[in-house]
Amino acid sequence: PAGTAQALSELTTFLRAFAFAAPSEAVRREEAWRLWDPNGNGYLSLAEVDLGVKMTLQSFLKDAGAGEAVWRRFRPSFIRAFNDAKDAAAAASSLSDDYVTKGEFRLLLSYLGYYATWFEVFAMVDGCSDGTTATDDRRISREEWEEGIEKVVAAGLSWAPYVALRSATSASFDEMDSNGGGYVLLIEFCAWLKAAEVEAATPAGLALAAGDEQLAAPPAAPPRRMPGGL
């Protein structure tokens with residue numbers, strides 16, 4: 001269930017598995033690139049990123065089943081990270097904006113952490129329940145948002161330290177609901193979070209706004225326990 005101690009443990013595992021975006025991790029990043037780009041064409045498709053994430057988690061945990069479970073849990077967030085990373089660098093060819101290039105790989109690794117964390121918060125609010133349940137529909141209603149605001153702010157002050165979460169209010173719903181449809185989708189939720197980080201020029205915001213020359217700051221790992229004893 002999202003937001004619980006077990007869920008945060010899985011999120012911590014995910015963040016640690018991809019904590020090799022720093023310049024000092026160039027060798028590890030090169031090894032991962034070769035694994036993720038098996039045909040050696042210099043481009044990563046969404047399918048290749050999806051498989052690369054899965055293999056990395058399985059290797060990190062040294063357990064295929066456990067790695068697949070964490071991969072499956074955060075899988076809805078991968079496309080958001082992929083789409084943000086694939087056009088980070090100036091296009092070198094007609095394919096560059098449709099695939100992640102080697103120059104964008106370092107940013108992708110950090111983006112995976114940002115978006116996985118944001119998805120965890122989104123899932124905590126969706127359905128007014130803990131985690132992914134039968135009441136979830138991958139969108140947040142105004143009622144769900146109102147009920148979940150306190151949890152969102154608490155997350156922003158602890159395991160998901162992002163600007164918009166710390167200052168979330170009832171009015172935030174209308175800021176997120178860009179098309180006025182009465183529901184907030186994951187893509188809208190992430191866009192709201194990203195815009196606040198970029199505007200505040202946080203380390204994550206600078207990375208999210210920049211091309212591959214900008215060092216992406218690694219996402220903060222959540223604490224082992226949340227306020228309130230979870």
# chains A, B, ... in the order shown; residues from 1 in each chain; ligands from 1
>>> residues_around(residues="Val53 (chain A)", least_positions_apart="4", cutoff="12 Å", atoms="only C-alpha atoms", output="number ranges by chain")
A: 14-15, 17-18, 32-33, 35-37, 44, 46-49, 57-60, 67-75, 77-79, 81-82, 108-109, 112-113, 116
>>> write_last_selection(atoms="N, CA, C and O atoms", output="CSV table (one decimal), in the first residue's frame")
chain,number,residue,atom,x,y,z
A,14,PHE,N,14.0,1.2,-4.9
A,14,PHE,CA,14.0,1.7,-6.3
A,14,PHE,C,15.0,2.8,-6.4
A,14,PHE,O,15.8,2.9,-7.4
A,15,LEU,N,15.0,3.8,-5.5
A,15,LEU,CA,15.9,4.9,-5.6
A,15,LEU,C,17.4,4.5,-5.5
A,15,LEU,O,18.2,5.0,-6.3
A,17,ALA,N,18.6,1.6,-6.3
A,17,ALA,CA,19.0,0.8,-7.5
A,17,ALA,C,19.4,1.7,-8.7
A,17,ALA,O,20.2,1.2,-9.5
A,18,PHE,N,18.9,2.9,-8.7
A,18,PHE,CA,19.3,3.8,-9.9
A,18,PHE,C,20.1,5.0,-9.4
A,18,PHE,O,20.1,6.0,-10.1
A,32,ALA,N,25.7,-0.1,-17.5
A,32,ALA,CA,24.2,-0.2,-17.6
A,32,ALA,C,23.8,0.1,-19.0
A,32,ALA,O,22.8,-0.5,-19.5
A,33,TRP,N,24.4,1.1,-19.6
A,33,TRP,CA,24.0,1.5,-20.9
A,33,TRP,C,24.1,0.3,-21.9
A,33,TRP,O,23.3,0.1,-22.7
A,35,LEU,N,24.0,-2.7,-21.2
A,35,LEU,CA,22.9,-3.7,-20.9
A,35,LEU,C,21.6,-3.3,-21.4
A,35,LEU,O,20.8,-4.1,-22.0
A,36,TRP,N,21.3,-2.0,-21.3
A,36,TRP,CA,20.0,-1.5,-21.7
A,36,TRP,C,19.9,-1.3,-23.2
A,36,TRP,O,18.8,-1.3,-23.8
A,37,ASP,N,21.0,-1.1,-23.9
A,37,ASP,CA,21.1,-0.9,-25.4
A,37,ASP,C,21.7,-2.2,-26.0
A,37,ASP,O,22.8,-2.1,-26.6
A,44,LEU,N,17.6,4.3,-26.9
A,44,LEU,CA,16.8,3.5,-26.0
A,44,LEU,C,15.3,3.8,-26.3
A,44,LEU,O,14.9,5.0,-26.2
A,46,LEU,N,11.2,3.1,-25.3
A,46,LEU,CA,10.5,2.9,-24.1
A,46,LEU,C,10.5,1.4,-23.6
A,46,LEU,O,10.7,1.1,-22.4
A,47,ALA,N,10.4,0.5,-24.6
A,47,ALA,CA,10.4,-0.9,-24.3
A,47,ALA,C,11.8,-1.3,-23.7
A,47,ALA,O,11.9,-2.1,-22.8
A,48,GLU,N,12.8,-0.7,-24.3
A,48,GLU,CA,14.2,-1.1,-23.8
A,48,GLU,C,14.4,-0.5,-22.4
A,48,GLU,O,15.1,-1.1,-21.5
A,49,VAL,N,13.9,0.7,-22.1
A,49,VAL,CA,14.0,1.3,-20.8
A,49,VAL,C,13.2,0.5,-19.8
A,49,VAL,O,13.7,0.2,-18.7
A,57,LEU,N,16.7,-3.8,-11.4
A,57,LEU,CA,16.1,-4.1,-10.1
A,57,LEU,C,16.4,-5.5,-9.6
A,57,LEU,O,16.7,-5.8,-8.5
A,58,GLN,N,16.2,-6.4,-10.6
A,58,GLN,CA,16.5,-7.8,-10.3
A,58,GLN,C,17.9,-8.1,-9.9
A,58,GLN,O,18.2,-8.8,-9.0
A,59,SER,N,18.8,-7.4,-10.6
A,59,SER,CA,20.2,-7.5,-10.3
A,59,SER,C,20.6,-6.9,-8.9
A,59,SER,O,21.3,-7.4,-8.1
A,60,PHE,N,20.0,-5.7,-8.7
A,60,PHE,CA,20.2,-5.0,-7.4
A,60,PHE,C,19.8,-5.8,-6.2
A,60,PHE,O,20.5,-5.9,-5.2
A,67,GLY,N,12.6,-8.3,-7.6
A,67,GLY,CA,12.9,-7.2,-8.5
A,67,GLY,C,11.7,-6.9,-9.4
A,67,GLY,O,11.4,-5.8,-9.7
A,68,GLU,N,11.1,-8.0,-9.9
A,68,GLU,CA,9.9,-7.8,-10.7
A,68,GLU,C,8.8,-7.2,-10.0
A,68,GLU,O,8.0,-6.3,-10.5
A,69,ALA,N,8.6,-7.5,-8.7
A,69,ALA,CA,7.6,-6.9,-7.9
A,69,ALA,C,7.7,-5.4,-7.8
A,69,ALA,O,6.8,-4.6,-7.9
A,70,VAL,N,9.0,-4.9,-7.5
A,70,VAL,CA,9.2,-3.5,-7.4
A,70,VAL,C,9.1,-2.8,-8.8
A,70,VAL,O,8.5,-1.7,-8.9
A,71,TRP,N,9.5,-3.5,-9.8
A,71,TRP,CA,9.4,-3.0,-11.2
A,71,TRP,C,7.9,-2.8,-11.5
A,71,TRP,O,7.5,-1.7,-12.0
A,72,ARG,N,7.1,-3.7,-11.2
A,72,ARG,CA,5.7,-3.7,-11.5
A,72,ARG,C,5.0,-2.6,-10.7
A,72,ARG,O,4.1,-1.9,-11.2
A,73,ARG,N,5.4,-2.4,-9.5
A,73,ARG,CA,4.8,-1.4,-8.6
A,73,ARG,C,4.9,0.0,-9.2
A,73,ARG,O,4.0,0.8,-9.2
A,74,PHE,N,6.1,0.3,-9.7
A,74,PHE,CA,6.4,1.7,-10.1
A,74,PHE,C,6.3,1.9,-11.7
A,74,PHE,O,6.6,2.9,-12.2
A,75,ARG,N,5.9,0.8,-12.3
A,75,ARG,CA,5.9,0.8,-13.8
A,75,ARG,C,5.1,2.0,-14.4
A,75,ARG,O,5.6,2.5,-15.5
A,77,SER,N,5.1,4.9,-13.8
A,77,SER,CA,5.9,6.2,-13.8
A,77,SER,C,7.0,6.2,-14.8
A,77,SER,O,7.5,7.3,-15.1
A,78,PHE,N,7.3,5.1,-15.4
A,78,PHE,CA,8.5,5.0,-16.3
A,78,PHE,C,8.3,5.8,-17.5
A,78,PHE,O,9.2,6.5,-18.0
A,79,ILE,N,7.1,5.8,-18.1
A,79,ILE,CA,6.8,6.5,-19.3
A,79,ILE,C,7.0,8.0,-19.1
A,79,ILE,O,7.4,8.8,-20.0
A,81,ALA,N,9.1,9.5,-17.0
A,81,ALA,CA,10.5,9.7,-16.9
A,81,ALA,C,11.1,9.7,-18.3
A,81,ALA,O,11.9,10.5,-18.7
A,82,PHE,N,10.7,8.7,-19.1
A,82,PHE,CA,11.2,8.5,-20.4
A,82,PHE,C,10.8,9.7,-21.3
A,82,PHE,O,11.7,10.2,-22.0
A,108,LEU,N,17.9,10.5,-17.4
A,108,LEU,CA,16.9,9.5,-17.2
A,108,LEU,C,17.0,8.8,-15.9
A,108,LEU,O,15.9,8.5,-15.3
A,109,LEU,N,18.1,8.4,-15.5
A,109,LEU,CA,18.3,7.7,-14.2
A,109,LEU,C,17.8,8.5,-13.0
A,109,LEU,O,17.1,8.0,-12.1
A,112,LEU,N,13.9,8.8,-13.3
A,112,LEU,CA,13.2,7.6,-12.8
A,112,LEU,C,12.9,7.8,-11.3
A,112,LEU,O,11.8,7.4,-10.9
A,113,GLY,N,13.8,8.3,-10.6
A,113,GLY,CA,13.6,8.5,-9.1
A,113,GLY,C,12.6,9.5,-8.8
A,113,GLY,O,11.7,9.3,-7.9
A,116,ALA,N,9.1,8.1,-9.9
A,116,ALA,CA,8.6,7.0,-9.0
A,116,ALA,C,8.1,7.6,-7.7
A,116,ALA,O,7.1,7.1,-7.1
>>> residues_around(residues="Ala168 (chain A)", least_positions_apart="2", cutoff="8 Å", atoms="only C-alpha atoms", output="ChimeraX atom specification")
/A:149,152-153,164-166,170-172
>>> write_last_selection(atoms="all heavy atoms", output="CSV table (one decimal), in the first residue's frame")
chain,number,residue,atom,x,y,z
A,149,ILE,N,-5.1,15.7,1.3
A,149,ILE,CA,-4.2,16.9,1.4
A,149,ILE,C,-3.2,16.7,2.6
A,149,ILE,O,-2.0,17.0,2.4
A,149,ILE,CB,-5.0,18.2,1.5
A,149,ILE,CG1,-5.6,18.5,0.2
A,149,ILE,CG2,-4.0,19.3,1.9
A,149,ILE,CD1,-6.5,19.8,0.2
A,152,VAL,N,-0.5,14.4,1.8
A,152,VAL,CA,0.4,15.0,0.7
A,152,VAL,C,1.4,15.9,1.4
A,152,VAL,O,2.6,15.8,1.1
A,152,VAL,CB,-0.5,15.7,-0.3
A,152,VAL,CG1,0.4,16.5,-1.3
A,152,VAL,CG2,-1.3,14.7,-1.1
A,153,VAL,N,0.9,16.8,2.2
A,153,VAL,CA,1.8,17.8,2.9
A,153,VAL,C,2.8,17.0,3.8
A,153,VAL,O,4.0,17.4,3.8
A,153,VAL,CB,1.0,18.8,3.7
A,153,VAL,CG1,1.9,19.7,4.5
A,153,VAL,CG2,0.1,19.6,2.8
A,164,ALA,N,5.9,21.7,-4.3
A,164,ALA,CA,4.4,21.7,-4.5
A,164,ALA,C,3.7,20.9,-3.4
A,164,ALA,O,2.6,21.2,-2.9
A,164,ALA,CB,4.0,21.2,-5.8
A,165,LEU,N,4.3,19.8,-3.0
A,165,LEU,CA,3.7,18.9,-2.0
A,165,LEU,C,3.7,19.6,-0.6
A,165,LEU,O,2.7,19.5,0.1
A,165,LEU,CB,4.5,17.6,-1.9
A,165,LEU,CG,4.5,16.7,-3.2
A,165,LEU,CD1,5.3,15.5,-3.0
A,165,LEU,CD2,3.1,16.4,-3.7
A,166,ARG,N,4.8,20.2,-0.3
A,166,ARG,CA,4.9,20.9,1.0
A,166,ARG,C,3.9,22.0,1.2
A,166,ARG,O,3.4,22.3,2.3
A,166,ARG,CB,6.3,21.5,1.2
A,166,ARG,CG,7.4,20.5,1.3
A,166,ARG,CD,8.7,21.1,1.9
A,166,ARG,NE,9.2,22.1,1.0
A,166,ARG,CZ,10.2,21.8,0.1
A,166,ARG,NH1,10.6,20.6,-0.1
A,166,ARG,NH2,10.6,22.8,-0.6
A,170,SER,N,-6.2,23.1,-1.0
A,170,SER,CA,-7.4,22.7,-1.8
A,170,SER,C,-7.4,23.3,-3.2
A,170,SER,O,-7.8,22.7,-4.2
A,170,SER,CB,-8.7,23.2,-1.1
A,170,SER,OG,-8.9,22.6,0.2
A,171,ALA,N,-6.8,24.6,-3.2
A,171,ALA,CA,-6.7,25.3,-4.5
A,171,ALA,C,-5.8,24.6,-5.5
A,171,ALA,O,-5.9,24.8,-6.7
A,171,ALA,CB,-6.3,26.7,-4.3
A,172,SER,N,-4.9,23.8,-5.0
A,172,SER,CA,-3.9,23.1,-5.9
A,172,SER,C,-4.6,22.2,-6.9
A,172,SER,O,-4.1,22.0,-8.0
A,172,SER,CB,-3.0,22.2,-5.0
A,172,SER,OG,-2.3,23.0,-4.1
>>> residues_around(residues="Ala196 (chain A)", least_positions_apart="3", cutoff="12 Å", atoms="only C-alpha atoms", output="list in words")
Pro161, Tyr162, Val163, Ala164, Leu165, Arg166, Ser167, Ala168, Ser172, Glu175, Met176, Phe189, Cys190, Ala191, Trp192, Leu193, Glu199, Ala200, Ala201, Thr202, Pro203, Ala204, Gly205, Leu206, Leu208 and Ala209 of chain A
>>> select_by_dssp(residues="region 47-161 of chain A", states="alpha helix (DSSP H)", output="NGL selection string")
:A and (47-61 or 64-85 or 102-125 or 142-156)
>>> closest_atom_pairs(of="region 146-216 of chain A", to="region 2-8 of chain A", cutoff="10 Å", atoms="only C-alpha atoms", output="CSV")
residue,atom,partner,partner_atom,distance
A:Lys151,CA,A:Gly3,CA,8.6
A:Val152,CA,A:Gly3,CA,9.7
A:Ala155,CA,A:Gly3,CA,8.1
A:Trp159,CA,A:Leu8,CA,8.1
>>> residues_around(residues="Leu185 (chain A)", least_positions_apart="2", cutoff="6 Å", atoms="only C-alpha atoms", output="ChimeraX atom specification")
/A:139,187-188
>>> write_last_selection(atoms="N, CA, C and O atoms", output="compact mmCIF listing (two decimals), in the first residue's frame")
# COMPACT_ATOMS: atom_id res chain seq x y z
N ARG A 139 -6.73 8.21 -11.47
CA ARG A 139 -7.05 9.63 -11.55
C ARG A 139 -7.55 10.05 -10.16
O ARG A 139 -8.06 9.24 -9.39
N ILE A 187 -0.25 12.37 -15.37
CA ILE A 187 0.54 13.30 -16.19
C ILE A 187 0.35 14.74 -15.71
O ILE A 187 1.29 15.53 -15.70
N GLU A 188 -0.87 15.09 -15.29
CA GLU A 188 -1.12 16.44 -14.79
C GLU A 188 -0.49 16.64 -13.41
O GLU A 188 0.05 17.72 -13.12
>>> closest_residue(among="A:Lys102, A:Leu157, A:Asp87, A:Val184", to="Asp126 (chain A)", atoms="only C-alpha atoms")
A:Val184
